[in-house]
There are 2 protein chains.
Amino acid sequence: MINKGSQKIVLIGAGNLATNLGKALYANGYTVIQVYSRTEGAACKLAEVLSADYTNVLSEIRNDAMLYIVSLKDSAFVELLPEIVKGREDAFFIHTAGSIPMDVWKGYSDRYGVLYPLQTFSKSREVDFRNIPIFLEANHKDDMEMLHSIANGLSASVYELSSDQRRYLHLAAVFACNFSNHMYTLAAELLRKQGIPFDVMLPLIDETANKVYEISPLIAQTGPAVRYDKNVIDNHLELLSDEVEKKELYEKISKSIYLTNGNK
Amino acid sequence: MINKGSQKIVLIGAGNLATNLGKALYANGYTVIQVYSRTEGAACKLAEVLSADYTNVLSEIRNDAMLYIVSLKDSAFVELLPEIVKGREDAFFIHTAGSIPMDVWKGYSDRYGVLYPLQTFSKSREVDFRNIPIFLEANHKDDMEMLHSIANGLSASVYELSSDQRRYLHLAAVFACNFSNHMYTLAAELLRKQGIPFDVMLPLIDETANKVYEISPLIAQTGPAVRYDKNVIDNHLELLSDEVEKKELYEKISKSIYLTNGNK
């Protein structure tokens, strides 16, 4: 039986994902000894919640952790990576980004991996990690076992996945999460202009999301584009005649629905 | 106190919406005396659930109902409308379509209206009508009161809305429901090609939908397009190089997100 509390972790990053992951680790008995962020306020705030030290100076990152979890924006990560590893080349380093391959660590450290939780995080919303699928990768068997042990404590859905497959997973998540949220935004704008509260849309958004638990989204598809109902579509395009962006998206997505659903 | 059971209703249509609305009316104590559908099997099936008669012959639609609810595909509705009204011009006729103005009845009947439940319906999924916003319109005050009385029995959210505003509401629903569901479909296709089960996407889809109960979708937006993270976006476009449709949508939607969220 491993004593989780003795497994010291340094968290590099204090953004949405780092905040939620840090809290979940803390709640699971792990000891986050330090939080680093370029933004001192963010580092301080998260460190307080985790009873950890904090710093916004790279050279002050502690050397005595067994695991360094890097959860920075992609661009910042690539820039800071050499500094993060320097002086602690024997430690185990992981990042949490869907889009960055594991090999980004190669040549800097010999022990590295990825822990990618598939979720959209906001600092202001607590999420239940038990329901979040976590995808792991590591270049050493022992380290993969450590990641499994940590991830199984956090979530009921833990998978191993290669960097190459993770790129596609991340891309799929952009469609299912980021792009569908943008569809909500466009709907909200249309309603606002008519003085209709966005709240009326919530039961529909809910049901659309819940439906795909039972029915595949291909089968669940409804609306005028499925059979390319020209009357309704032309009517909608006319309503969008002053909204170039929305009109173009409406046309492209309707065509894509028709092409995808025509053969079902 | 009105005796609901004595208020006879004829339901014209046996599709997804008609089925769900019919069941909700029945559960609320209304008497559906007859179901009409061009497809005899569909009419029969729904009629059985509602303890009603059924027919697939227009001329056999009964004349003794106080309310005729027409819930047909838009094109079929416009085609059948004259036949539906003929011989019962004094009755009250409503339709349930978001995109069709109330005036479509004008010249055929003098008592008409609209009852538009904002939801995506499947025959195989029971939905709780209490949570579904219902939008009403009628050309006589008395009939509007009757619609209010019916709708308030079905749902906790009942509004009056003009035909013109309802068109925009329907358009917004296409974005929030039909288009976001298509984003799920595209994600599912990408995952299928990688042998990753779609189920891993469900907690993310759930959280994306739940988030906008608390945070506006504009503020909730995450992902590479918000700050137009060129590295990630170019990487994704490369993954889509063999998928012309998805690639084009990815580019257009990312640009739209950037344009919409750039100023927030």
# chains A, B, ... in the order shown; residues from 1 in each chain; ligands from 1
$ select_by_dssp --residues "range 28-191 of chain B" --states "alpha helix (DSSP H)" --output "JSON, numbers by chain"
{"B": [40, 41, 42, 43, 44, 45, 46, 47, 48, 49, 50, 74, 75, 76, 77, 78, 79, 80, 81, 82, 83, 84, 85, 141, 142, 143, 144, 145, 146, 147, 148, 149, 150, 151, 152, 153, 154, 163, 164, 165, 166, 167, 168, 169, 170, 171, 172, 173, 180, 181, 182, 183, 184, 185, 186, 187, 188, 189, 190, 191]}
$ select_by_dssp --residues "range 122-161 of chain B" --states "strand (DSSP E)" --output "VMD selection string"
chain B and resid 134 to 138 158 to 160
$ residues_around --residues "Gly107 in chain B" --least-positions-apart "5" --cutoff "12 Å" --atoms "only C-alpha atoms" --output "PyMOL selection string"
chain B and resi 81-82+85-86+89+102+112
$ residues_around --residues "Phe198 in chain A" --least-positions-apart "6" --cutoff "9 Å" --atoms "only C-alpha atoms" --output "mmCIF file with N, CA, C and O atoms, in the first residue's frame"
data_model
loop_
_atom_site.group_PDB
_atom_site.id
_atom_site.type_symbol
_atom_site.label_atom_id
_atom_site.label_comp_id
_atom_site.auth_asym_id
_atom_site.auth_seq_id
_atom_site.Cartn_x
_atom_site.Cartn_y
_atom_site.Cartn_z
ATOM 1 N N ALA A 187 -27.164 30.912 -31.035
ATOM 2 C CA ALA A 187 -28.586 30.889 -30.663
ATOM 3 C C ALA A 187 -28.892 32.006 -29.660
ATOM 4 O O ALA A 187 -29.897 32.717 -29.780
ATOM 5 N N ALA A 188 -28.013 32.171 -28.689
ATOM 6 C CA ALA A 188 -28.217 33.207 -27.657
ATOM 7 C C ALA A 188 -28.255 34.597 -28.287
ATOM 8 O O ALA A 188 -29.066 35.448 -27.897
ATOM 9 N N GLU A 189 -27.402 34.830 -29.275
ATOM 10 C CA GLU A 189 -27.393 36.133 -29.957
ATOM 11 C C GLU A 189 -28.703 36.391 -30.700
ATOM 12 O O GLU A 189 -29.258 37.483 -30.644
ATOM 13 N N LEU A 191 -31.616 35.121 -30.043
ATOM 14 C CA LEU A 191 -32.686 35.329 -29.063
ATOM 15 C C LEU A 191 -32.588 36.723 -28.445
ATOM 16 O O LEU A 191 -33.602 37.403 -28.262
ATOM 17 N N ARG A 192 -31.374 37.133 -28.112
ATOM 18 C CA ARG A 192 -31.180 38.441 -27.481
ATOM 19 C C ARG A 192 -31.761 39.551 -28.367
ATOM 20 O O ARG A 192 -32.452 40.443 -27.892
ATOM 21 N N SER B 216 -23.111 32.211 -19.324
ATOM 22 C CA SER B 216 -23.582 32.374 -20.703
ATOM 23 C C SER B 216 -22.628 31.631 -21.637
ATOM 24 O O SER B 216 -21.436 31.518 -21.351
#
$ residues_around --residues "Ala24 in chain A" --least-positions-apart "6" --cutoff "10 Å" --atoms "only C-alpha atoms" --output "PyMOL selection string"
chain A and resi 18+30+50+126-130+153-155
$ calpha_fit_and_write --fixed "chain B" --moving "chain A" --output "PDB file with C-alpha atoms, in the first residue's frame"
ATOM      1  CA  MET A   1     -63.980  24.397 -13.546  1.00  0.00           C
ATOM      2  CA  ILE A   2     -63.797  22.962 -17.043  1.00  0.00           C
ATOM      3  CA  ASN A   3     -64.197  19.241 -17.487  1.00  0.00           C
ATOM      4  CA  LYS A   4     -61.093  18.450 -19.520  1.00  0.00           C
ATOM      5  CA  GLY A   5     -62.387  15.017 -20.504  1.00  0.00           C
ATOM      6  CA  SER A   6     -65.333  16.577 -22.333  1.00  0.00           C
ATOM      7  CA  GLN A   7     -63.045  18.770 -24.461  1.00  0.00           C
ATOM      8  CA  LYS A   8     -62.678  16.567 -27.506  1.00  0.00           C
ATOM      9  CA  ILE A   9     -59.474  16.844 -29.492  1.00  0.00           C
ATOM     10  CA  VAL A  10     -58.541  15.490 -32.916  1.00  0.00           C
ATOM     11  CA  LEU A  11     -54.835  14.993 -33.466  1.00  0.00           C
ATOM     12  CA  ILE A  12     -53.746  15.317 -37.085  1.00  0.00           C
ATOM     13  CA  GLY A  13     -50.312  13.754 -37.373  1.00  0.00           C
ATOM     14  CA  ALA A  14     -48.619  10.842 -35.598  1.00  0.00           C
ATOM     15  CA  GLY A  15     -44.955  11.794 -35.825  1.00  0.00           C
ATOM     16  CA  ASN A  16     -42.487  12.491 -33.030  1.00  0.00           C
ATOM     17  CA  LEU A  17     -44.078  15.715 -31.812  1.00  0.00           C
ATOM     18  CA  ALA A  18     -47.694  14.512 -32.228  1.00  0.00           C
ATOM     19  CA  THR A  19     -46.867  11.327 -30.317  1.00  0.00           C
ATOM     20  CA  ASN A  20     -45.296  13.137 -27.375  1.00  0.00           C
ATOM     21  CA  LEU A  21     -47.934  15.878 -27.280  1.00  0.00           C
ATOM     22  CA  GLY A  22     -50.773  13.367 -27.566  1.00  0.00           C
ATOM     23  CA  LYS A  23     -49.410  11.348 -24.649  1.00  0.00           C
ATOM     24  CA  ALA A  24     -49.013  14.480 -22.531  1.00  0.00           C
ATOM     25  CA  LEU A  25     -52.606  15.592 -23.274  1.00  0.00           C
ATOM     26  CA  TYR A  26     -53.912  12.118 -22.477  1.00  0.00           C
ATOM     27  CA  ALA A  27     -51.979  12.013 -19.217  1.00  0.00           C
ATOM     28  CA  ASN A  28     -53.537  15.396 -18.383  1.00  0.00           C
ATOM     29  CA  GLY A  29     -57.074  14.134 -18.736  1.00  0.00           C
ATOM     30  CA  TYR A  30     -57.908  15.393 -22.205  1.00  0.00           C
ATOM     31  CA  THR A  31     -59.862  13.190 -24.606  1.00  0.00           C
ATOM     32  CA  VAL A  32     -58.213  12.683 -27.952  1.00  0.00           C
ATOM     33  CA  ILE A  33     -61.099  11.226 -29.948  1.00  0.00           C
ATOM     34  CA  GLN A  34     -59.208  10.521 -33.161  1.00  0.00           C
ATOM     35  CA  VAL A  35     -55.726  10.376 -34.660  1.00  0.00           C
ATOM     36  CA  TYR A  36     -55.200  11.010 -38.362  1.00  0.00           C
ATOM     37  CA  SER A  37     -52.031  10.098 -40.232  1.00  0.00           C
ATOM     38  CA  ARG A  38     -51.336   9.311 -43.853  1.00  0.00           C
ATOM     39  CA  THR A  39     -49.482   6.284 -42.497  1.00  0.00           C
ATOM     40  CA  GLU A  40     -52.182   3.965 -41.155  1.00  0.00           C
ATOM     41  CA  GLY A  41     -49.766   2.053 -38.912  1.00  0.00           C
ATOM     42  CA  ALA A  42     -48.564   5.227 -37.216  1.00  0.00           C
ATOM     43  CA  ALA A  43     -52.135   6.466 -36.699  1.00  0.00           C
ATOM     44  CA  CYS A  44     -53.187   3.108 -35.271  1.00  0.00           C
ATOM     45  CA  LYS A  45     -50.221   2.840 -32.920  1.00  0.00           C
ATOM     46  CA  LEU A  46     -50.677   6.294 -31.404  1.00  0.00           C
ATOM     47  CA  ALA A  47     -54.491   5.939 -31.270  1.00  0.00           C
ATOM     48  CA  GLU A  48     -54.107   2.781 -29.221  1.00  0.00           C
ATOM     49  CA  VAL A  49     -51.986   4.559 -26.617  1.00  0.00           C
ATOM     50  CA  LEU A  50     -54.522   7.403 -26.435  1.00  0.00           C
ATOM     51  CA  SER A  51     -57.630   5.150 -26.471  1.00  0.00           C
ATOM     52  CA  ALA A  52     -58.731   7.006 -29.609  1.00  0.00           C
ATOM     53  CA  ASP A  53     -60.108   6.175 -33.056  1.00  0.00           C
ATOM     54  CA  TYR A  54     -57.830   6.541 -36.011  1.00  0.00           C
ATOM     55  CA  THR A  55     -58.028   7.076 -39.753  1.00  0.00           C
ATOM     56  CA  ASN A  56     -55.741   7.610 -42.707  1.00  0.00           C
ATOM     57  CA  VAL A  57     -58.534   9.054 -44.849  1.00  0.00           C
ATOM     58  CA  LEU A  58     -58.895  12.844 -44.719  1.00  0.00           C
ATOM     59  CA  SER A  59     -62.641  12.814 -45.380  1.00  0.00           C
ATOM     60  CA  GLU A  60     -63.132  10.582 -42.341  1.00  0.00           C
ATOM     61  CA  ILE A  61     -61.769  13.123 -39.878  1.00  0.00           C
ATOM     62  CA  ARG A  62     -64.488  13.678 -37.270  1.00  0.00           C
ATOM     63  CA  ASN A  63     -66.454  16.922 -37.072  1.00  0.00           C
ATOM     64  CA  ASP A  64     -67.318  16.915 -33.379  1.00  0.00           C
ATOM     65  CA  ALA A  65     -64.026  18.042 -31.837  1.00  0.00           C
ATOM     66  CA  MET A  66     -63.600  21.409 -30.157  1.00  0.00           C
ATOM     67  CA  LEU A  67     -59.901  21.520 -31.079  1.00  0.00           C
ATOM     68  CA  TYR A  68     -57.929  20.213 -34.046  1.00  0.00           C
ATOM     69  CA  ILE A  69     -54.194  19.988 -33.418  1.00  0.00           C
ATOM     70  CA  VAL A  70     -52.218  19.712 -36.627  1.00  0.00           C
ATOM     71  CA  SER A  71     -48.730  18.336 -36.214  1.00  0.00           C
ATOM     72  CA  LEU A  72     -47.554  17.386 -39.685  1.00  0.00           C
ATOM     73  CA  LYS A  73     -44.371  17.969 -41.605  1.00  0.00           C
ATOM     74  CA  ASP A  74     -44.408  21.556 -42.926  1.00  0.00           C
ATOM     75  CA  SER A  75     -44.862  20.556 -46.572  1.00  0.00           C
ATOM     76  CA  ALA A  76     -47.669  18.063 -45.857  1.00  0.00           C
ATOM     77  CA  PHE A  77     -49.397  20.614 -43.632  1.00  0.00           C
ATOM     78  CA  VAL A  78     -49.607  23.302 -46.296  1.00  0.00           C
ATOM     79  CA  GLU A  79     -50.855  20.750 -48.821  1.00  0.00           C
ATOM     80  CA  LEU A  80     -53.549  19.258 -46.567  1.00  0.00           C
ATOM     81  CA  LEU A  81     -54.689  22.440 -44.791  1.00  0.00           C
ATOM     82  CA  PRO A  82     -57.774  23.162 -46.975  1.00  0.00           C
ATOM     83  CA  GLU A  83     -59.017  19.588 -46.590  1.00  0.00           C
ATOM     84  CA  ILE A  84     -58.445  19.668 -42.836  1.00  0.00           C
ATOM     85  CA  VAL A  85     -60.671  22.731 -42.319  1.00  0.00           C
ATOM     86  CA  LYS A  86     -63.365  21.899 -44.879  1.00  0.00           C
ATOM     87  CA  GLY A  87     -66.777  21.209 -43.362  1.00  0.00           C
ATOM     88  CA  ARG A  88     -65.799  22.278 -39.847  1.00  0.00           C
ATOM     89  CA  GLU A  89     -65.024  25.972 -40.370  1.00  0.00           C
ATOM     90  CA  ASP A  90     -66.322  26.903 -36.895  1.00  0.00           C
ATOM     91  CA  ALA A  91     -63.880  24.690 -35.007  1.00  0.00           C
ATOM     92  CA  PHE A  92     -60.599  25.866 -33.470  1.00  0.00           C
ATOM     93  CA  PHE A  93     -57.464  24.854 -35.387  1.00  0.00           C
ATOM     94  CA  ILE A  94     -53.891  25.049 -34.172  1.00  0.00           C
ATOM     95  CA  HIS A  95     -50.572  23.873 -35.516  1.00  0.00           C
ATOM     96  CA  THR A  96     -47.362  23.075 -33.637  1.00  0.00           C
ATOM     97  CA  ALA A  97     -44.636  24.194 -36.060  1.00  0.00           C
ATOM     98  CA  GLY A  98     -42.048  26.781 -35.142  1.00  0.00           C
ATOM     99  CA  SER A  99     -41.462  27.917 -38.680  1.00  0.00           C
ATOM    100  CA  ILE A 100     -45.051  28.347 -39.938  1.00  0.00           C
ATOM    101  CA  PRO A 101     -46.809  31.671 -39.213  1.00  0.00           C
ATOM    102  CA  MET A 102     -50.260  31.634 -37.648  1.00  0.00           C
ATOM    103  CA  ASP A 103     -51.721  33.384 -40.693  1.00  0.00           C
ATOM    104  CA  VAL A 104     -51.382  30.240 -42.752  1.00  0.00           C
ATOM    105  CA  TRP A 105     -54.923  29.449 -41.496  1.00  0.00           C
ATOM    106  CA  LYS A 106     -56.344  32.801 -42.641  1.00  0.00           C
ATOM    107  CA  GLY A 107     -59.044  32.521 -45.280  1.00  0.00           C
ATOM    108  CA  TYR A 108     -59.742  28.911 -44.329  1.00  0.00           C
ATOM    109  CA  SER A 109     -60.935  29.220 -40.753  1.00  0.00           C
ATOM    110  CA  ASP A 110     -61.763  32.124 -38.454  1.00  0.00           C
ATOM    111  CA  ARG A 111     -60.472  30.506 -35.244  1.00  0.00           C
ATOM    112  CA  TYR A 112     -56.876  29.501 -35.311  1.00  0.00           C
ATOM    113  CA  GLY A 113     -53.658  29.524 -33.363  1.00  0.00           C
ATOM    114  CA  VAL A 114     -50.315  27.936 -32.575  1.00  0.00           C
ATOM    115  CA  LEU A 115     -49.005  25.800 -29.728  1.00  0.00           C
ATOM    116  CA  TYR A 116     -45.257  25.398 -30.218  1.00  0.00           C
ATOM    117  CA  PRO A 117     -43.410  23.198 -27.707  1.00  0.00           C
ATOM    118  CA  LEU A 118     -39.691  23.962 -27.930  1.00  0.00           C
ATOM    119  CA  GLN A 119     -38.110  20.524 -27.744  1.00  0.00           C
ATOM    120  CA  THR A 120     -36.570  17.762 -29.874  1.00  0.00           C
ATOM    121  CA  PHE A 121     -38.835  14.729 -29.836  1.00  0.00           C
ATOM    122  CA  SER A 122     -38.202  11.069 -30.578  1.00  0.00           C
ATOM    123  CA  LYS A 123     -40.920   8.449 -30.410  1.00  0.00           C
ATOM    124  CA  SER A 124     -38.643   6.184 -28.415  1.00  0.00           C
ATOM    125  CA  ARG A 125     -37.902   8.716 -25.667  1.00  0.00           C
ATOM    126  CA  GLU A 126     -40.468   9.928 -23.176  1.00  0.00           C
ATOM    127  CA  VAL A 127     -39.938  13.575 -22.356  1.00  0.00           C
ATOM    128  CA  ASP A 128     -41.244  15.413 -19.333  1.00  0.00           C
ATOM    129  CA  PHE A 129     -43.530  18.112 -20.724  1.00  0.00           C
ATOM    130  CA  ARG A 130     -43.400  20.043 -17.414  1.00  0.00           C
ATOM    131  CA  ASN A 131     -39.934  21.332 -18.405  1.00  0.00           C
ATOM    132  CA  ILE A 132     -40.731  22.182 -22.003  1.00  0.00           C
ATOM    133  CA  PRO A 133     -41.358  25.849 -22.821  1.00  0.00           C
ATOM    134  CA  ILE A 134     -44.587  26.215 -24.814  1.00  0.00           C
ATOM    135  CA  PHE A 135     -45.220  29.248 -27.035  1.00  0.00           C
ATOM    136  CA  LEU A 136     -48.799  30.222 -27.837  1.00  0.00           C
ATOM    137  CA  GLU A 137     -50.541  32.367 -30.387  1.00  0.00           C
ATOM    138  CA  ALA A 138     -54.247  32.727 -31.257  1.00  0.00           C
ATOM    139  CA  ASN A 139     -56.378  35.213 -33.186  1.00  0.00           C
ATOM    140  CA  HIS A 140     -59.202  35.329 -30.614  1.00  0.00           C
ATOM    141  CA  LYS A 141     -58.946  36.131 -26.922  1.00  0.00           C
ATOM    142  CA  ASP A 142     -61.207  33.250 -25.879  1.00  0.00           C
ATOM    143  CA  ASP A 143     -59.201  30.768 -27.871  1.00  0.00           C
ATOM    144  CA  MET A 144     -55.950  32.093 -26.407  1.00  0.00           C
ATOM    145  CA  GLU A 145     -57.431  31.471 -22.972  1.00  0.00           C
ATOM    146  CA  MET A 146     -58.241  27.912 -23.954  1.00  0.00           C
ATOM    147  CA  LEU A 147     -54.677  27.420 -25.155  1.00  0.00           C
ATOM    148  CA  HIS A 148     -53.321  28.843 -21.900  1.00  0.00           C
ATOM    149  CA  SER A 149     -55.509  26.480 -19.929  1.00  0.00           C
ATOM    150  CA  ILE A 150     -54.262  23.485 -21.919  1.00  0.00           C
ATOM    151  CA  ALA A 151     -50.609  24.550 -22.003  1.00  0.00           C
ATOM    152  CA  ASN A 152     -50.481  25.401 -18.285  1.00  0.00           C
ATOM    153  CA  GLY A 153     -51.630  21.877 -17.585  1.00  0.00           C
ATOM    154  CA  LEU A 154     -48.764  20.468 -19.616  1.00  0.00           C
ATOM    155  CA  SER A 155     -45.860  22.752 -18.783  1.00  0.00           C
ATOM    156  CA  ALA A 156     -44.556  25.134 -16.166  1.00  0.00           C
ATOM    157  CA  SER A 157     -43.218  27.521 -18.851  1.00  0.00           C
ATOM    158  CA  VAL A 158     -45.903  29.008 -21.066  1.00  0.00           C
ATOM    159  CA  TYR A 159     -45.396  32.157 -23.144  1.00  0.00           C
ATOM    160  CA  GLU A 160     -47.272  34.129 -25.787  1.00  0.00           C
ATOM    161  CA  LEU A 161     -45.168  34.813 -28.864  1.00  0.00           C
ATOM    162  CA  SER A 162     -45.871  36.359 -32.257  1.00  0.00           C
ATOM    163  CA  SER A 163     -45.352  34.428 -35.477  1.00  0.00           C
ATOM    164  CA  ASP A 164     -42.486  36.704 -36.380  1.00  0.00           C
ATOM    165  CA  GLN A 165     -40.625  36.107 -33.137  1.00  0.00           C
ATOM    166  CA  ARG A 166     -41.382  32.379 -33.294  1.00  0.00           C
ATOM    167  CA  ARG A 167     -39.517  32.157 -36.607  1.00  0.00           C
ATOM    168  CA  TYR A 168     -36.390  33.451 -34.879  1.00  0.00           C
ATOM    169  CA  LEU A 169     -36.950  31.154 -31.929  1.00  0.00           C
ATOM    170  CA  HIS A 170     -37.142  28.204 -34.296  1.00  0.00           C
ATOM    171  CA  LEU A 171     -33.995  29.357 -36.086  1.00  0.00           C
ATOM    172  CA  ALA A 172     -32.175  29.649 -32.750  1.00  0.00           C
ATOM    173  CA  ALA A 173     -33.323  26.133 -31.877  1.00  0.00           C
ATOM    174  CA  VAL A 174     -31.816  24.814 -35.117  1.00  0.00           C
ATOM    175  CA  PHE A 175     -28.450  26.195 -33.986  1.00  0.00           C
ATOM    176  CA  ALA A 176     -28.693  25.067 -30.356  1.00  0.00           C
ATOM    177  CA  CYS A 177     -30.132  21.619 -31.041  1.00  0.00           C
ATOM    178  CA  ASN A 178     -29.780  20.402 -34.627  1.00  0.00           C
ATOM    179  CA  PHE A 179     -26.381  21.949 -35.273  1.00  0.00           C
ATOM    180  CA  SER A 180     -24.855  21.029 -31.918  1.00  0.00           C
ATOM    181  CA  ASN A 181     -26.081  17.462 -32.417  1.00  0.00           C
ATOM    182  CA  HIS A 182     -24.306  17.437 -35.778  1.00  0.00           C
ATOM    183  CA  MET A 183     -21.109  18.456 -33.991  1.00  0.00           C
ATOM    184  CA  TYR A 184     -21.566  15.329 -31.843  1.00  0.00           C
ATOM    185  CA  THR A 185     -21.984  13.280 -35.039  1.00  0.00           C
ATOM    186  CA  LEU A 186     -18.752  14.627 -36.519  1.00  0.00           C
ATOM    187  CA  ALA A 187     -16.945  13.868 -33.254  1.00  0.00           C
ATOM    188  CA  ALA A 188     -18.399  10.343 -33.263  1.00  0.00           C
ATOM    189  CA  GLU A 189     -17.089   9.761 -36.795  1.00  0.00           C
ATOM    190  CA  LEU A 190     -13.600  10.908 -35.863  1.00  0.00           C
ATOM    191  CA  LEU A 191     -13.573   8.622 -32.819  1.00  0.00           C
ATOM    192  CA  ARG A 192     -14.947   5.640 -34.738  1.00  0.00           C
ATOM    193  CA  LYS A 193     -12.072   5.853 -37.216  1.00  0.00           C
ATOM    194  CA  GLN A 194      -9.654   5.661 -34.275  1.00  0.00           C
ATOM    195  CA  GLY A 195     -11.497   2.800 -32.597  1.00  0.00           C
ATOM    196  CA  ILE A 196     -12.313   5.005 -29.579  1.00  0.00           C
ATOM    197  CA  PRO A 197     -15.839   4.494 -28.176  1.00  0.00           C
ATOM    198  CA  PHE A 198     -18.130   7.538 -28.399  1.00  0.00           C
ATOM    199  CA  ASP A 199     -19.056   7.016 -24.736  1.00  0.00           C
ATOM    200  CA  VAL A 200     -15.845   8.725 -23.600  1.00  0.00           C
ATOM    201  CA  MET A 201     -17.275  11.942 -25.051  1.00  0.00           C
ATOM    202  CA  LEU A 202     -20.492  11.901 -22.988  1.00  0.00           C
ATOM    203  CA  PRO A 203     -19.275  13.560 -19.746  1.00  0.00           C
ATOM    204  CA  LEU A 204     -17.828  16.384 -21.860  1.00  0.00           C
ATOM    205  CA  ILE A 205     -21.065  16.809 -23.833  1.00  0.00           C
ATOM    206  CA  ASP A 206     -22.991  16.793 -20.576  1.00  0.00           C
ATOM    207  CA  GLU A 207     -20.825  19.394 -18.895  1.00  0.00           C
ATOM    208  CA  THR A 208     -20.892  21.626 -21.994  1.00  0.00           C
ATOM    209  CA  ALA A 209     -24.707  21.587 -21.874  1.00  0.00           C
ATOM    210  CA  ASN A 210     -24.895  21.992 -18.089  1.00  0.00           C
ATOM    211  CA  LYS A 211     -22.424  24.868 -17.984  1.00  0.00           C
ATOM    212  CA  VAL A 212     -24.761  27.235 -19.821  1.00  0.00           C
ATOM    213  CA  TYR A 213     -27.307  26.966 -17.011  1.00  0.00           C
ATOM    214  CA  GLU A 214     -24.872  29.041 -14.932  1.00  0.00           C
ATOM    215  CA  ILE A 215     -22.606  30.839 -17.390  1.00  0.00           C
ATOM    216  CA  SER A 216     -23.621  32.384 -20.721  1.00  0.00           C
ATOM    217  CA  PRO A 217     -22.295  30.351 -23.673  1.00  0.00           C
ATOM    218  CA  LEU A 218     -20.205  33.346 -24.749  1.00  0.00           C
ATOM    219  CA  ILE A 219     -18.344  33.306 -21.423  1.00  0.00           C
ATOM    220  CA  ALA A 220     -18.300  29.503 -21.277  1.00  0.00           C
ATOM    221  CA  GLN A 221     -16.489  29.211 -24.616  1.00  0.00           C
ATOM    222  CA  THR A 222     -13.167  27.362 -24.387  1.00  0.00           C
ATOM    223  CA  GLY A 223     -10.834  25.769 -26.910  1.00  0.00           C
ATOM    224  CA  PRO A 224      -8.104  26.795 -29.346  1.00  0.00           C
ATOM    225  CA  ALA A 225     -10.324  29.101 -31.443  1.00  0.00           C
ATOM    226  CA  VAL A 226     -11.028  31.579 -28.622  1.00  0.00           C
ATOM    227  CA  ARG A 227      -7.552  33.083 -28.934  1.00  0.00           C
ATOM    228  CA  TYR A 228      -7.002  31.560 -32.390  1.00  0.00           C
ATOM    229  CA  ASP A 229      -4.167  29.313 -31.218  1.00  0.00           C
ATOM    230  CA  LYS A 230      -2.597  28.803 -34.642  1.00  0.00           C
ATOM    231  CA  ASN A 231      -0.396  25.849 -33.596  1.00  0.00           C
ATOM    232  CA  VAL A 232      -3.299  23.751 -32.377  1.00  0.00           C
ATOM    233  CA  ILE A 233      -5.642  24.807 -35.178  1.00  0.00           C
ATOM    234  CA  ASP A 234      -3.088  24.040 -37.917  1.00  0.00           C
ATOM    235  CA  ASN A 235      -2.406  20.697 -36.269  1.00  0.00           C
ATOM    236  CA  HIS A 236      -6.145  19.898 -36.336  1.00  0.00           C
ATOM    237  CA  LEU A 237      -6.543  21.022 -39.937  1.00  0.00           C
ATOM    238  CA  GLU A 238      -3.703  18.699 -40.872  1.00  0.00           C
ATOM    239  CA  LEU A 239      -5.515  15.776 -39.199  1.00  0.00           C
ATOM    240  CA  LEU A 240      -8.546  16.677 -41.326  1.00  0.00           C
ATOM    241  CA  SER A 241      -6.637  16.947 -44.605  1.00  0.00           C
ATOM    242  CA  ASP A 242      -8.541  13.969 -46.062  1.00  0.00           C
ATOM    243  CA  GLU A 243     -11.914  15.150 -44.783  1.00  0.00           C
ATOM    244  CA  VAL A 244     -12.910  18.106 -46.946  1.00  0.00           C
ATOM    245  CA  GLU A 245     -16.305  18.693 -45.283  1.00  0.00           C
ATOM    246  CA  LYS A 246     -15.060  18.507 -41.696  1.00  0.00           C
ATOM    247  CA  LYS A 247     -12.003  20.612 -42.496  1.00  0.00           C
ATOM    248  CA  GLU A 248     -14.069  23.402 -44.000  1.00  0.00           C
ATOM    249  CA  LEU A 249     -16.486  23.377 -41.057  1.00  0.00           C
ATOM    250  CA  TYR A 250     -13.585  23.375 -38.605  1.00  0.00           C
ATOM    251  CA  GLU A 251     -12.131  26.498 -40.255  1.00  0.00           C
ATOM    252  CA  LYS A 252     -15.430  28.378 -40.539  1.00  0.00           C
ATOM    253  CA  ILE A 253     -16.579  27.637 -36.999  1.00  0.00           C
ATOM    254  CA  SER A 254     -13.152  28.448 -35.519  1.00  0.00           C
ATOM    255  CA  LYS A 255     -13.172  31.795 -37.313  1.00  0.00           C
ATOM    256  CA  SER A 256     -16.693  32.481 -36.108  1.00  0.00           C
ATOM    257  CA  ILE A 257     -15.681  31.676 -32.516  1.00  0.00           C
ATOM    258  CA  TYR A 258     -12.686  33.988 -32.773  1.00  0.00           C
ATOM    259  CA  LEU A 259     -14.789  36.806 -34.240  1.00  0.00           C
ATOM    260  CA  THR A 260     -17.511  36.366 -31.612  1.00  0.00           C
ATOM    261  CA  ASN A 261     -15.244  35.917 -28.602  1.00  0.00           C
ATOM    262  CA  GLY A 262     -12.457  38.302 -29.538  1.00  0.00           C
ATOM    263  CA  ASN A 263     -14.174  41.244 -27.900  1.00  0.00           C
ATOM    264  CA  LYS A 264     -15.445  39.619 -24.741  1.00  0.00           C
TER     265      LYS A 264
END
